[in-house]
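Take a look at the structure set out below.
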Amino acid sequence: AGDPVLAAAGGTIRANMPALEWIAYLSTVGVYGDHGGAWVDESADCRPVSKRSVMRVAAEQEWLKLGQQTGTPVAILRLSGIYGPGRNALANLEDGTARRLVKAGQVFNRIHCDDIAG
């Protein structure tokens, strides 16, 4: 099983499908796994490493299958580096969990929680 929400409330969701224009599933870029520093975009192969990322790939497939079965479009949004109130570099410094990463050419993908919701 991938998505515990779909597992627990799948019947209710299916019953309300006719009222839905589309579904968005918020996943993670963690499903891509380690590509050895190569550029990764939405066409890259999924190579999940952690148990959580493996479950996310399964959840993505479950939502896509549900969409196919019901004729409802599904968008998989693979999020990364979520920040916002209480989730940012200053908060990490304050609570002692900040890490310094020094890698030549290192890039980061970040998204603010308001941009996800908005």
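Just remember, in the structure tokens the first chain shown is A, the second B, etc., residues are 1-based per chain, and ligands are 1-based in the order shown.
Surrounding region 88-94 of chain A within 12 Å are Gly81, Ile82, Arg100, Arg110, Ile111, His112 and Cys113 of chain A, with only C-alpha atoms counted and residues fewer than 6 positions along the same chain left out.
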Show which residues sit within 12 Å of Gly67 (chain A), as a PyMOL selection string. Count only C-alpha atoms, and ignore same-chain residues fewer than 2 positions away.
chain A and resi 13-14+17-18+20-25+60-65+69-76
Determine which residues of chain A DSSP labels as strand (DSSP E) from the backbone of this structure, then write them out as a list in words.
Ile23, Ala24, Tyr25, Leu26, Ser27, Thr28, Val74, Ala75, Ile76, Leu77, Arg78, Leu79, Ile82, Tyr83, Ile111 and His112 of chain A
So which residues of chain A fall under alpha helix (DSSP H) by DSSP, listed as a PDB file with N, CA and C atoms, in the first residue's frame?
ATOM      1  N   PRO A   4      -1.829   6.075   2.714  1.00  0.00           N
ATOM      2  CA  PRO A   4      -2.747   5.683   3.785  1.00  0.00           C
ATOM      3  C   PRO A   4      -4.095   6.395   3.700  1.00  0.00           C
ATOM      4  N   VAL A   5      -4.129   7.596   3.133  1.00  0.00           N
ATOM      5  CA  VAL A   5      -5.404   8.309   2.978  1.00  0.00           C
ATOM      6  C   VAL A   5      -6.296   7.571   1.991  1.00  0.00           C
ATOM      7  N   LEU A   6      -5.730   7.166   0.875  1.00  0.00           N
ATOM      8  CA  LEU A   6      -6.505   6.433  -0.123  1.00  0.00           C
ATOM      9  C   LEU A   6      -6.940   5.080   0.431  1.00  0.00           C
ATOM     10  N   ALA A   7      -6.073   4.447   1.211  1.00  0.00           N
ATOM     11  CA  ALA A   7      -6.428   3.164   1.816  1.00  0.00           C
ATOM     12  C   ALA A   7      -7.573   3.317   2.815  1.00  0.00           C
ATOM     13  N   ALA A   8      -7.546   4.375   3.621  1.00  0.00           N
ATOM     14  CA  ALA A   8      -8.557   4.562   4.666  1.00  0.00           C
ATOM     15  C   ALA A   8      -9.855   5.160   4.145  1.00  0.00           C
ATOM     16  N   ALA A   9      -9.762   6.047   3.167  1.00  0.00           N
ATOM     17  CA  ALA A   9     -10.955   6.783   2.723  1.00  0.00           C
ATOM     18  C   ALA A   9     -11.257   6.580   1.246  1.00  0.00           C
ATOM     19  N   GLY A  10     -10.696   5.536   0.662  1.00  0.00           N
ATOM     20  CA  GLY A  10     -10.886   5.291  -0.764  1.00  0.00           C
ATOM     21  C   GLY A  10     -12.340   5.214  -1.183  1.00  0.00           C
ATOM     22  N   GLY A  11     -13.165   4.556  -0.383  1.00  0.00           N
ATOM     23  CA  GLY A  11     -14.590   4.435  -0.710  1.00  0.00           C
ATOM     24  C   GLY A  11     -15.285   5.785  -0.749  1.00  0.00           C
ATOM     25  N   THR A  12     -15.013   6.608   0.227  1.00  0.00           N
ATOM     26  CA  THR A  12     -15.606   7.951   0.277  1.00  0.00           C
ATOM     27  C   THR A  12     -15.130   8.794  -0.899  1.00  0.00           C
ATOM     28  N   ILE A  13     -13.848   8.692  -1.196  1.00  0.00           N
ATOM     29  CA  ILE A  13     -13.296   9.451  -2.322  1.00  0.00           C
ATOM     30  C   ILE A  13     -13.952   9.008  -3.624  1.00  0.00           C
ATOM     31  N   ARG A  14     -14.053   7.690  -3.829  1.00  0.00           N
ATOM     32  CA  ARG A  14     -14.676   7.178  -5.056  1.00  0.00           C
ATOM     33  C   ARG A  14     -16.132   7.622  -5.169  1.00  0.00           C
ATOM     34  N   ALA A  15     -16.843   7.642  -4.045  1.00  0.00           N
ATOM     35  CA  ALA A  15     -18.255   8.037  -4.057  1.00  0.00           C
ATOM     36  C   ALA A  15     -18.425   9.488  -4.476  1.00  0.00           C
ATOM     37  N   LYS A  51      12.328   3.756   2.323  1.00  0.00           N
ATOM     38  CA  LYS A  51      11.019   3.103   2.401  1.00  0.00           C
ATOM     39  C   LYS A  51       9.906   4.112   2.116  1.00  0.00           C
ATOM     40  N   ARG A  52      10.071   5.310   2.650  1.00  0.00           N
ATOM     41  CA  ARG A  52       9.061   6.358   2.461  1.00  0.00           C
ATOM     42  C   ARG A  52       8.905   6.729   0.981  1.00  0.00           C
ATOM     43  N   SER A  53      10.023   6.858   0.272  1.00  0.00           N
ATOM     44  CA  SER A  53       9.958   7.195  -1.148  1.00  0.00           C
ATOM     45  C   SER A  53       9.382   6.052  -1.975  1.00  0.00           C
ATOM     46  N   VAL A  54       9.697   4.824  -1.598  1.00  0.00           N
ATOM     47  CA  VAL A  54       9.104   3.659  -2.275  1.00  0.00           C
ATOM     48  C   VAL A  54       7.587   3.696  -2.108  1.00  0.00           C
ATOM     49  N   MET A  55       7.127   4.032  -0.891  1.00  0.00           N
ATOM     50  CA  MET A  55       5.686   4.139  -0.648  1.00  0.00           C
ATOM     51  C   MET A  55       5.068   5.277  -1.460  1.00  0.00           C
ATOM     52  N   ARG A  56       5.807   6.358  -1.649  1.00  0.00           N
ATOM     53  CA  ARG A  56       5.296   7.484  -2.443  1.00  0.00           C
ATOM     54  C   ARG A  56       5.104   7.078  -3.903  1.00  0.00           C
ATOM     55  N   VAL A  57       6.038   6.315  -4.451  1.00  0.00           N
ATOM     56  CA  VAL A  57       5.881   5.839  -5.832  1.00  0.00           C
ATOM     57  C   VAL A  57       4.636   4.967  -5.928  1.00  0.00           C
ATOM     58  N   ALA A  58       4.440   4.089  -4.957  1.00  0.00           N
ATOM     59  CA  ALA A  58       3.243   3.239  -4.943  1.00  0.00           C
ATOM     60  C   ALA A  58       1.985   4.092  -4.843  1.00  0.00           C
ATOM     61  N   ALA A  59       2.015   5.118  -4.007  1.00  0.00           N
ATOM     62  CA  ALA A  59       0.858   6.007  -3.857  1.00  0.00           C
ATOM     63  C   ALA A  59       0.565   6.734  -5.163  1.00  0.00           C
ATOM     64  N   GLU A  60       1.599   7.219  -5.833  1.00  0.00           N
ATOM     65  CA  GLU A  60       1.404   7.885  -7.127  1.00  0.00           C
ATOM     66  C   GLU A  60       0.680   6.945  -8.091  1.00  0.00           C
ATOM     67  N   GLN A  61       1.137   5.706  -8.140  1.00  0.00           N
ATOM     68  CA  GLN A  61       0.523   4.733  -9.049  1.00  0.00           C
ATOM     69  C   GLN A  61      -0.931   4.458  -8.676  1.00  0.00           C
ATOM     70  N   GLU A  62      -1.216   4.381  -7.376  1.00  0.00           N
ATOM     71  CA  GLU A  62      -2.595   4.147  -6.923  1.00  0.00           C
ATOM     72  C   GLU A  62      -3.514   5.295  -7.334  1.00  0.00           C
ATOM     73  N   TRP A  63      -3.049   6.538  -7.170  1.00  0.00           N
ATOM     74  CA  TRP A  63      -3.866   7.692  -7.554  1.00  0.00           C
ATOM     75  C   TRP A  63      -4.054   7.747  -9.064  1.00  0.00           C
ATOM     76  N   LEU A  64      -2.999   7.458  -9.822  1.00  0.00           N
ATOM     77  CA  LEU A  64      -3.128   7.443 -11.278  1.00  0.00           C
ATOM     78  C   LEU A  64      -4.111   6.368 -11.730  1.00  0.00           C
ATOM     79  N   LYS A  65      -4.058   5.207 -11.079  1.00  0.00           N
ATOM     80  CA  LYS A  65      -4.994   4.126 -11.406  1.00  0.00           C
ATOM     81  C   LYS A  65      -6.430   4.541 -11.102  1.00  0.00           C
ATOM     82  N   LEU A  66      -6.641   5.171  -9.951  1.00  0.00           N
ATOM     83  CA  LEU A  66      -7.975   5.647  -9.597  1.00  0.00           C
ATOM     84  C   LEU A  66      -8.480   6.641 -10.637  1.00  0.00           C
ATOM     85  N   GLY A  67      -7.620   7.541 -11.053  1.00  0.00           N
ATOM     86  CA  GLY A  67      -8.001   8.510 -12.072  1.00  0.00           C
ATOM     87  C   GLY A  67      -8.386   7.846 -13.381  1.00  0.00           C
ATOM     88  N   GLN A  68      -7.625   6.830 -13.781  1.00  0.00           N
ATOM     89  CA  GLN A  68      -7.949   6.101 -15.014  1.00  0.00           C
ATOM     90  C   GLN A  68      -9.280   5.379 -14.886  1.00  0.00           C
ATOM     91  N   GLN A  69      -9.516   4.768 -13.742  1.00  0.00           N
ATOM     92  CA  GLN A  69     -10.757   4.015 -13.528  1.00  0.00           C
ATOM     93  C   GLN A  69     -11.989   4.906 -13.538  1.00  0.00           C
ATOM     94  N   THR A  70     -11.832   6.143 -13.097  1.00  0.00           N
ATOM     95  CA  THR A  70     -12.984   7.030 -12.958  1.00  0.00           C
ATOM     96  C   THR A  70     -13.041   8.124 -14.020  1.00  0.00           C
ATOM     97  N   ALA A  89      15.624  28.220   7.188  1.00  0.00           N
ATOM     98  CA  ALA A  89      17.007  28.187   7.660  1.00  0.00           C
ATOM     99  C   ALA A  89      17.177  28.884   9.003  1.00  0.00           C
ATOM    100  N   LEU A  90      16.468  29.985   9.215  1.00  0.00           N
ATOM    101  CA  LEU A  90      16.597  30.687  10.497  1.00  0.00           C
ATOM    102  C   LEU A  90      16.045  29.853  11.646  1.00  0.00           C
ATOM    103  N   ALA A  91      14.928  29.185  11.413  1.00  0.00           N
ATOM    104  CA  ALA A  91      14.371  28.310  12.453  1.00  0.00           C
ATOM    105  C   ALA A  91      15.336  27.167  12.749  1.00  0.00           C
ATOM    106  N   ASN A  92      15.975  26.636  11.705  1.00  0.00           N
ATOM    107  CA  ASN A  92      16.942  25.556  11.901  1.00  0.00           C
ATOM    108  C   ASN A  92      18.158  26.029  12.690  1.00  0.00           C
ATOM    109  N   LEU A  93      18.614  27.242  12.419  1.00  0.00           N
ATOM    110  CA  LEU A  93      19.728  27.796  13.193  1.00  0.00           C
ATOM    111  C   LEU A  93      19.347  27.935  14.656  1.00  0.00           C
ATOM    112  N   GLU A  94      18.148  28.438  14.872  1.00  0.00           N
ATOM    113  CA  GLU A  94      17.678  28.672  16.240  1.00  0.00           C
ATOM    114  C   GLU A  94      17.577  27.382  17.048  1.00  0.00           C
ATOM    115  N   ASP A  95      17.089  26.314  16.410  1.00  0.00           N
ATOM    116  CA  ASP A  95      16.918  25.070  17.172  1.00  0.00           C
ATOM    117  C   ASP A  95      18.118  24.123  17.058  1.00  0.00           C
ATOM    118  N   CYS A 113       5.422  27.107   1.415  1.00  0.00           N
ATOM    119  CA  CYS A 113       4.124  26.469   1.650  1.00  0.00           C
ATOM    120  C   CYS A 113       2.972  27.267   1.038  1.00  0.00           C
ATOM    121  N   ASP A 114       3.076  28.596   0.989  1.00  0.00           N
ATOM    122  CA  ASP A 114       2.025  29.401   0.360  1.00  0.00           C
ATOM    123  C   ASP A 114       1.927  29.133  -1.138  1.00  0.00           C
ATOM    124  N   ASP A 115       3.060  28.838  -1.775  1.00  0.00           N
ATOM    125  CA  ASP A 115       3.044  28.541  -3.205  1.00  0.00           C
ATOM    126  C   ASP A 115       2.428  27.176  -3.490  1.00  0.00           C
ATOM    127  N   ILE A 116       2.553  26.260  -2.558  1.00  0.00           N
ATOM    128  CA  ILE A 116       1.903  24.957  -2.714  1.00  0.00           C
ATOM    129  C   ILE A 116       0.395  25.126  -2.614  1.00  0.00           C
ATOM    130  N   ALA A 117      -0.032  25.889  -1.637  1.00  0.00           N
ATOM    131  CA  ALA A 117      -1.465  26.052  -1.372  1.00  0.00           C
ATOM    132  C   ALA A 117      -2.152  26.996  -2.351  1.00  0.00           C
TER     133      ALA A 117
END
Excluding region 31-33 of chain A and residues on its chain fewer than 5 positions from it, collect all residues at most 6 Å away from it, counting only C-alpha atoms, and give them as number ranges by chain.
A: 46-49, 53
Restricting the output to C-alpha atoms, write the selected residues as a compact mmCIF listing (two decimals), in the first residue's frame.
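Output (selection_37.txt):
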# COMPACT_ATOMS: atom_id res chain seq x y z
CA CYS A 46 12.16 6.97 -10.38
CA ARG A 47 14.82 5.24 -8.28
CA PRO A 48 13.47 5.55 -4.74
CA VAL A 49 15.86 4.49 -2.00
CA SER A 53 9.96 7.19 -1.15
Counting only C-alpha atoms, what is within 12 Å of region 36-41 of chain A, bar same-chain residues fewer than 6 positions away, as a PDB file with N, CA and C atoms, in the first residue's frame?
ATOM      1  N   VAL A  29      10.150  14.840  -4.496  1.00  0.00           N
ATOM      2  CA  VAL A  29      11.238  14.577  -5.431  1.00  0.00           C
ATOM      3  C   VAL A  29      12.092  13.410  -4.941  1.00  0.00           C
ATOM      4  N   GLY A  30      11.878  12.982  -3.703  1.00  0.00           N
ATOM      5  CA  GLY A  30      12.584  11.820  -3.178  1.00  0.00           C
ATOM      6  C   GLY A  30      12.356  10.561  -3.994  1.00  0.00           C
ATOM      7  N   ARG A  47      13.905   6.205  -8.901  1.00  0.00           N
ATOM      8  CA  ARG A  47      14.815   5.245  -8.277  1.00  0.00           C
ATOM      9  C   ARG A  47      14.769   5.437  -6.765  1.00  0.00           C
ATOM     10  N   ARG A  78       5.466  16.669  -7.495  1.00  0.00           N
ATOM     11  CA  ARG A  78       6.609  16.203  -6.710  1.00  0.00           C
ATOM     12  C   ARG A  78       7.317  17.401  -6.087  1.00  0.00           C
ATOM     13  N   LEU A  79       7.059  17.595  -4.815  1.00  0.00           N
ATOM     14  CA  LEU A  79       7.557  18.760  -4.091  1.00  0.00           C
ATOM     15  C   LEU A  79       8.936  18.507  -3.497  1.00  0.00           C
ATOM     16  N   LYS A 103      29.296  22.152  -1.539  1.00  0.00           N
ATOM     17  CA  LYS A 103      29.557  21.316  -2.704  1.00  0.00           C
ATOM     18  C   LYS A 103      29.591  22.227  -3.923  1.00  0.00           C
ATOM     19  N   ALA A 104      30.650  22.149  -4.680  1.00  0.00           N
ATOM     20  CA  ALA A 104      30.749  22.966  -5.890  1.00  0.00           C
ATOM     21  C   ALA A 104      29.596  22.638  -6.829  1.00  0.00           C
ATOM     22  N   GLY A 105      28.922  23.667  -7.325  1.00  0.00           N
ATOM     23  CA  GLY A 105      27.833  23.476  -8.279  1.00  0.00           C
ATOM     24  C   GLY A 105      26.543  22.960  -7.679  1.00  0.00           C
ATOM     25  N   GLN A 106      26.473  22.876  -6.366  1.00  0.00           N
ATOM     26  CA  GLN A 106      25.270  22.352  -5.705  1.00  0.00           C
ATOM     27  C   GLN A 106      24.083  23.279  -5.951  1.00  0.00           C
ATOM     28  N   VAL A 107      22.965  22.693  -6.327  1.00  0.00           N
ATOM     29  CA  VAL A 107      21.730  23.462  -6.471  1.00  0.00           C
ATOM     30  C   VAL A 107      20.682  22.867  -5.542  1.00  0.00           C
ATOM     31  N   PHE A 108      19.725  23.696  -5.155  1.00  0.00           N
ATOM     32  CA  PHE A 108      18.656  23.255  -4.270  1.00  0.00           C
ATOM     33  C   PHE A 108      17.323  23.629  -4.887  1.00  0.00           C
ATOM     34  N   ASN A 109      16.341  22.812  -4.659  1.00  0.00           N
ATOM     35  CA  ASN A 109      14.971  23.120  -5.052  1.00  0.00           C
ATOM     36  C   ASN A 109      14.197  23.417  -3.782  1.00  0.00           C
TER      37      ASN A 109
END
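The smallest atom-to-atom distance between Leu77 (chain A) and any of A:Ala44, A:Leu26, A:Val102, A:Thr97, using only C-alpha atoms, is found for A:Leu26.
The spacing separating CA of Ser43 (chain A) from CA of Gly2 (chain A) amounts to 21.3 Å.
Atom pair CA of Thr28 (chain A) / CA of Tyr83 (chain A) has a distance of 13.8 Å (rounded to one decimal).
Among the candidate residues A:Arg87, A:Ser27, A:Asp34, A:Ala98, the one lying nearest to Ser50 (chain A) is A:Asp34, with distances computed using only C-alpha atoms.
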